[in-house]
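Q: Here it is, the structure in full.
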Amino acid sequence: MKWFLLCLAVVAFNVAAQANPEGVDVRKSRLLLLPASTVERSSAQQYGQLMRTAQAKGALNRDSAQLARLRRIAAELIPHVKRFNPAAVQWRWEVNLISSKTVNAFCMPGGKIAFYYGILAKLQLDDDEVAAIMGHEISHALLEHAREQMGKNTATQLGIGIGAALLGLGSAGRAVGDVTGQLLSLTYSRDDESQADRLGMIMAAKAGYNPRAGVALWKKMMSASKGAPPQILSTHPSSEARIRDIEALLPRVEPIYDAAQKPAQRFGPPAPKAASSAGG
């Protein structure tokens, strides 16, 4: 086990860096045990499998108007990624819409974005609110929160695997491979969520979307989370805390929005009745 700890100290290290875009505090702290290429390759595989499953069920990209809206908003956000993660310029970005009542959205490493129809229809999201969510999810990818979490999980699994191997109970070699199958079920820390909120506000504002939409969005989330919270809120700070943080950041982010070129096209949320036709 001492050998394992020595190897881990050599291969993995913590990076605590402050990116200070436009005067808003955004910090990255990462355990870089897994190469970015490994995480992004696993992401592409899992995302592709999810899309194939949705396609087989007739649940992929059924609403062409809403899909076009998501892709247009993404196209307005993506040009701003280089400022925060230069490697993201080379990502093979994808945006898809899954017909499901699930209230969720995500961006996996490598720029793999998906929205579930339920979050659009149940919350009746306008473009500014979609941009707030998409900016947040893209920010997780830019800040490499999944890579960090997978690194932590790898360290734990590798330690368990080496211990088991030393006792003749299993192979340590499976540990790294095992954790790469977790991307769709990873959870982030509350600090990760707050960092993604801050960077997401900047991303949306730079693309010309009103950062004040975050206040309305999280009020809708509060209403939707009565009883069992939506999946997207599973590890997030409380909506009340999130609204306070957004309002505190507005004086620094609103000038970015005021100076930005505004989107030429705007479309409204899907009709509420459409939500009932989405798959479960």
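In the structure tokens, each chain is lettered A, B, ... as it comes, each chain's residues begin at 1, and ligands are numbered from 1 in order of appearance.
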Residues near stretch 57-74 of chain A, anyone? I mean within 8 Å using only C-alpha atoms, not counting same-chain ones fewer than 6 positions away, as a list of chain:residue names.
A: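 The neighbour list is A:Met51, A:Val95, A:Asn96, A:Leu97, A:Ile98, A:Ser99, A:Ser100, A:Asp127, A:Val130, A:Ala131, A:Met134, A:Phe267, A:Pro270, A:Ala278, A:Gly279.
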Q: Which of these, A:Gly214, A:Gly118, A:Gly111, A:Gly48, has the shortest distance to A:Leu142 once you count only C-alpha atoms?
A: A:Gly111
Q: Between A:His80, A:Arg242, A:Lys112, A:Lys219, which residue has the minimum interatomic distance to A:Ala260, considering only C-alpha atoms?
A: A:His80
Q: Can you tell me which residues surround A:Leu250 at a distance of at most 12 Å, considering only C-alpha atoms, apart from same-chain residues fewer than 2 positions away, and format the answer as a ChimeraX atom specification?
A: /A:23-24,198,201-202,205,210-215,243-248,252-258
Q: Could those selected residues go to a file with N, CA and C atoms, as a PDB file, in the first residue's frame?
A:
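The resulting file, out-v9.pdb, is reproduced below:
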ATOM      1  N   GLY A  23     -13.523  39.429 -13.698  1.00  0.00           N
ATOM      2  CA  GLY A  23     -13.638  39.791 -12.295  1.00  0.00           C
ATOM      3  C   GLY A  23     -14.511  38.890 -11.460  1.00  0.00           C
ATOM      4  N   VAL A  24     -14.960  37.752 -12.010  1.00  0.00           N
ATOM      5  CA  VAL A  24     -15.797  36.814 -11.251  1.00  0.00           C
ATOM      6  C   VAL A  24     -14.940  35.643 -10.819  1.00  0.00           C
ATOM      7  N   ARG A 198     -21.265  30.366 -11.691  1.00  0.00           N
ATOM      8  CA  ARG A 198     -20.587  31.629 -11.965  1.00  0.00           C
ATOM      9  C   ARG A 198     -20.111  31.694 -13.415  1.00  0.00           C
ATOM     10  N   MET A 201     -23.004  31.931 -15.931  1.00  0.00           N
ATOM     11  CA  MET A 201     -23.559  33.278 -16.070  1.00  0.00           C
ATOM     12  C   MET A 201     -22.737  34.103 -17.049  1.00  0.00           C
ATOM     13  N   ILE A 202     -21.414  33.984 -16.942  1.00  0.00           N
ATOM     14  CA  ILE A 202     -20.537  34.741 -17.845  1.00  0.00           C
ATOM     15  C   ILE A 202     -20.715  34.260 -19.278  1.00  0.00           C
ATOM     16  N   ALA A 205     -24.002  35.522 -20.654  1.00  0.00           N
ATOM     17  CA  ALA A 205     -23.980  36.970 -20.850  1.00  0.00           C
ATOM     18  C   ALA A 205     -23.144  37.357 -22.057  1.00  0.00           C
ATOM     19  N   ASN A 210     -29.638  37.310 -21.132  1.00  0.00           N
ATOM     20  CA  ASN A 210     -29.790  38.097 -19.915  1.00  0.00           C
ATOM     21  C   ASN A 210     -29.467  37.265 -18.673  1.00  0.00           C
ATOM     22  N   PRO A 211     -28.439  37.638 -17.895  1.00  0.00           N
ATOM     23  CA  PRO A 211     -28.096  36.853 -16.708  1.00  0.00           C
ATOM     24  C   PRO A 211     -29.155  36.901 -15.620  1.00  0.00           C
ATOM     25  N   ARG A 212     -30.060  37.889 -15.682  1.00  0.00           N
ATOM     26  CA  ARG A 212     -31.145  37.939 -14.702  1.00  0.00           C
ATOM     27  C   ARG A 212     -32.115  36.770 -14.861  1.00  0.00           C
ATOM     28  N   ALA A 213     -32.065  36.086 -16.015  1.00  0.00           N
ATOM     29  CA  ALA A 213     -32.951  34.942 -16.227  1.00  0.00           C
ATOM     30  C   ALA A 213     -32.711  33.849 -15.196  1.00  0.00           C
ATOM     31  N   GLY A 214     -31.499  33.825 -14.632  1.00  0.00           N
ATOM     32  CA  GLY A 214     -31.210  32.813 -13.628  1.00  0.00           C
ATOM     33  C   GLY A 214     -32.110  32.909 -12.408  1.00  0.00           C
ATOM     34  N   VAL A 215     -32.505  34.120 -12.056  1.00  0.00           N
ATOM     35  CA  VAL A 215     -33.395  34.295 -10.901  1.00  0.00           C
ATOM     36  C   VAL A 215     -34.750  33.663 -11.184  1.00  0.00           C
ATOM     37  N   ILE A 243     -30.214  31.759  -5.908  1.00  0.00           N
ATOM     38  CA  ILE A 243     -30.770  33.056  -6.299  1.00  0.00           C
ATOM     39  C   ILE A 243     -29.984  34.191  -5.645  1.00  0.00           C
ATOM     40  N   ARG A 244     -29.638  34.025  -4.373  1.00  0.00           N
ATOM     41  CA  ARG A 244     -28.842  35.057  -3.682  1.00  0.00           C
ATOM     42  C   ARG A 244     -27.486  35.244  -4.368  1.00  0.00           C
ATOM     43  N   ASP A 245     -26.857  34.131  -4.750  1.00  0.00           N
ATOM     44  CA  ASP A 245     -25.551  34.220  -5.411  1.00  0.00           C
ATOM     45  C   ASP A 245     -25.663  34.906  -6.767  1.00  0.00           C
ATOM     46  N   ILE A 246     -26.703  34.577  -7.525  1.00  0.00           N
ATOM     47  CA  ILE A 246     -26.903  35.195  -8.835  1.00  0.00           C
ATOM     48  C   ILE A 246     -27.098  36.696  -8.682  1.00  0.00           C
ATOM     49  N   GLU A 247     -27.942  37.080  -7.740  1.00  0.00           N
ATOM     50  CA  GLU A 247     -28.211  38.508  -7.536  1.00  0.00           C
ATOM     51  C   GLU A 247     -26.946  39.247  -7.094  1.00  0.00           C
ATOM     52  N   ALA A 248     -26.101  38.569  -6.300  1.00  0.00           N
ATOM     53  CA  ALA A 248     -24.855  39.209  -5.855  1.00  0.00           C
ATOM     54  C   ALA A 248     -23.870  39.398  -7.010  1.00  0.00           C
ATOM     55  N   ARG A 252     -21.548  42.595 -11.603  1.00  0.00           N
ATOM     56  CA  ARG A 252     -20.328  42.350 -12.378  1.00  0.00           C
ATOM     57  C   ARG A 252     -20.616  41.693 -13.730  1.00  0.00           C
ATOM     58  N   VAL A 253     -21.713  40.972 -13.828  1.00  0.00           N
ATOM     59  CA  VAL A 253     -22.003  40.242 -15.065  1.00  0.00           C
ATOM     60  C   VAL A 253     -22.880  41.050 -16.015  1.00  0.00           C
ATOM     61  N   GLU A 254     -23.747  41.897 -15.496  1.00  0.00           N
ATOM     62  CA  GLU A 254     -24.635  42.666 -16.378  1.00  0.00           C
ATOM     63  C   GLU A 254     -23.880  43.552 -17.374  1.00  0.00           C
ATOM     64  N   PRO A 255     -22.746  44.179 -16.996  1.00  0.00           N
ATOM     65  CA  PRO A 255     -22.015  44.943 -18.017  1.00  0.00           C
ATOM     66  C   PRO A 255     -21.527  44.082 -19.188  1.00  0.00           C
ATOM     67  N   ILE A 256     -21.218  42.814 -18.923  1.00  0.00           N
ATOM     68  CA  ILE A 256     -20.832  41.891 -20.000  1.00  0.00           C
ATOM     69  C   ILE A 256     -22.010  41.702 -20.952  1.00  0.00           C
ATOM     70  N   TYR A 257     -23.185  41.511 -20.372  1.00  0.00           N
ATOM     71  CA  TYR A 257     -24.404  41.344 -21.173  1.00  0.00           C
ATOM     72  C   TYR A 257     -24.719  42.611 -21.955  1.00  0.00           C
ATOM     73  N   ASP A 258     -24.587  43.768 -21.315  1.00  0.00           N
ATOM     74  CA  ASP A 258     -24.897  45.036 -21.990  1.00  0.00           C
ATOM     75  C   ASP A 258     -24.000  45.250 -23.203  1.00  0.00           C
TER      76      ASP A 258
END
Q: Considering only C-alpha atoms, state which residue in the set A:Ala207, A:Ala241, A:Met222, A:Val81 is at the smallest distance from A:Ser194.
A: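 Among the listed residues, A:Ala241 lies closest to A:Ser194.
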Q: Can you work out the spacing between atom CA of A:Lys226 and atom CA of A:Met203 in Å, to one decimal?
A: 29.2 Å
Q: Can you check which residues of stretch 15-106 of chain A DSSP gives as strand (DSSP E) on the backbone and send them as a ChimeraX atom specification?
A: /A:15-19,26-31,94-98,105-106
Q: Using the selection just defined, write its residues with N, CA and C atoms as a compact mmCIF listing (two decimals), in the first residue's frame.
A:
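What landed in out17.txt:
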# COMPACT_ATOMS: atom_id res chain seq x y z
N VAL A 15 -4.48 20.59 -8.65
CA VAL A 15 -4.26 21.89 -9.26
C VAL A 15 -5.30 22.83 -8.69
N ALA A 16 -4.86 23.86 -8.02
CA ALA A 16 -5.78 24.86 -7.50
C ALA A 16 -5.45 26.16 -8.20
N ALA A 17 -6.21 26.47 -9.21
CA ALA A 17 -5.93 27.66 -10.02
C ALA A 17 -7.12 28.58 -10.00
N GLN A 18 -6.84 29.84 -9.98
CA GLN A 18 -7.94 30.81 -10.03
C GLN A 18 -7.99 31.40 -11.43
N ALA A 19 -9.08 31.08 -12.12
CA ALA A 19 -9.38 31.79 -13.36
C ALA A 19 -10.25 32.96 -12.95
N VAL A 26 -13.69 32.23 -10.20
CA VAL A 26 -13.94 30.86 -10.65
C VAL A 26 -12.67 30.07 -10.38
N ARG A 27 -12.76 29.06 -9.53
CA ARG A 27 -11.58 28.29 -9.16
C ARG A 27 -11.70 26.86 -9.66
N LYS A 28 -10.55 26.29 -10.02
CA LYS A 28 -10.50 24.89 -10.43
C LYS A 28 -9.58 24.14 -9.48
N SER A 29 -10.06 23.03 -8.96
CA SER A 29 -9.24 22.16 -8.14
C SER A 29 -9.44 20.75 -8.64
N ARG A 30 -8.37 20.14 -9.19
CA ARG A 30 -8.56 18.88 -9.90
C ARG A 30 -7.53 17.84 -9.50
N LEU A 31 -7.97 16.62 -9.37
CA LEU A 31 -7.09 15.49 -9.20
C LEU A 31 -6.92 14.88 -10.59
N GLU A 94 -21.81 18.21 -29.70
CA GLU A 94 -23.08 17.65 -30.15
C GLU A 94 -24.19 18.17 -29.25
N VAL A 95 -25.36 18.37 -29.82
CA VAL A 95 -26.53 18.81 -29.05
C VAL A 95 -27.72 17.97 -29.50
N ASN A 96 -28.36 17.32 -28.55
CA ASN A 96 -29.52 16.50 -28.88
C ASN A 96 -30.62 16.69 -27.84
N LEU A 97 -31.85 16.33 -28.25
CA LEU A 97 -33.04 16.48 -27.42
C LEU A 97 -33.70 15.12 -27.26
N ILE A 98 -33.89 14.70 -26.02
CA ILE A 98 -34.50 13.41 -25.73
C ILE A 98 -35.92 13.62 -25.23
N ALA A 105 -30.76 18.13 -17.82
CA ALA A 105 -29.91 18.47 -18.97
C ALA A 105 -28.48 18.23 -18.52
N PHE A 106 -27.57 18.00 -19.48
CA PHE A 106 -26.18 17.79 -19.11
C PHE A 106 -25.28 18.12 -20.28
Q: So that I can see what lies close to A:Ser139, please list as a PyMOL selection string the residues with an atom at most 9 Å from it, counting only C-alpha atoms and leaving out residues fewer than 4 positions away in the same chain.
A: chain A and resi 81+84+107+134-135+143-145+195-200+203
Q: Residues of the last selection are to be written out with C-alpha atoms, as a PDB file, in the first residue's frame.
A:
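Written out: part00.pdb:
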ATOM      1  CA  VAL A  81     -15.275  28.497 -24.565  1.00  0.00           C
ATOM      2  CA  PHE A  84     -11.962  29.367 -20.212  1.00  0.00           C
ATOM      3  CA  CYS A 107     -22.934  18.436 -20.949  1.00  0.00           C
ATOM      4  CA  MET A 134     -26.741  25.282 -20.959  1.00  0.00           C
ATOM      5  CA  GLY A 135     -24.042  27.698 -19.803  1.00  0.00           C
ATOM      6  CA  LEU A 143     -13.837  23.211 -15.597  1.00  0.00           C
ATOM      7  CA  GLU A 144     -13.316  19.435 -15.989  1.00  0.00           C
ATOM      8  CA  HIS A 145     -15.407  18.546 -12.966  1.00  0.00           C
ATOM      9  CA  GLN A 195     -18.318  27.427  -9.844  1.00  0.00           C
ATOM     10  CA  ALA A 196     -20.387  26.230 -12.812  1.00  0.00           C
ATOM     11  CA  ASP A 197     -23.078  28.762 -11.902  1.00  0.00           C
ATOM     12  CA  ARG A 198     -20.587  31.629 -11.965  1.00  0.00           C
ATOM     13  CA  LEU A 199     -18.917  30.645 -15.205  1.00  0.00           C
ATOM     14  CA  GLY A 200     -22.279  29.775 -16.769  1.00  0.00           C
ATOM     15  CA  MET A 203     -20.890  32.375 -20.804  1.00  0.00           C
TER      16      MET A 203
END
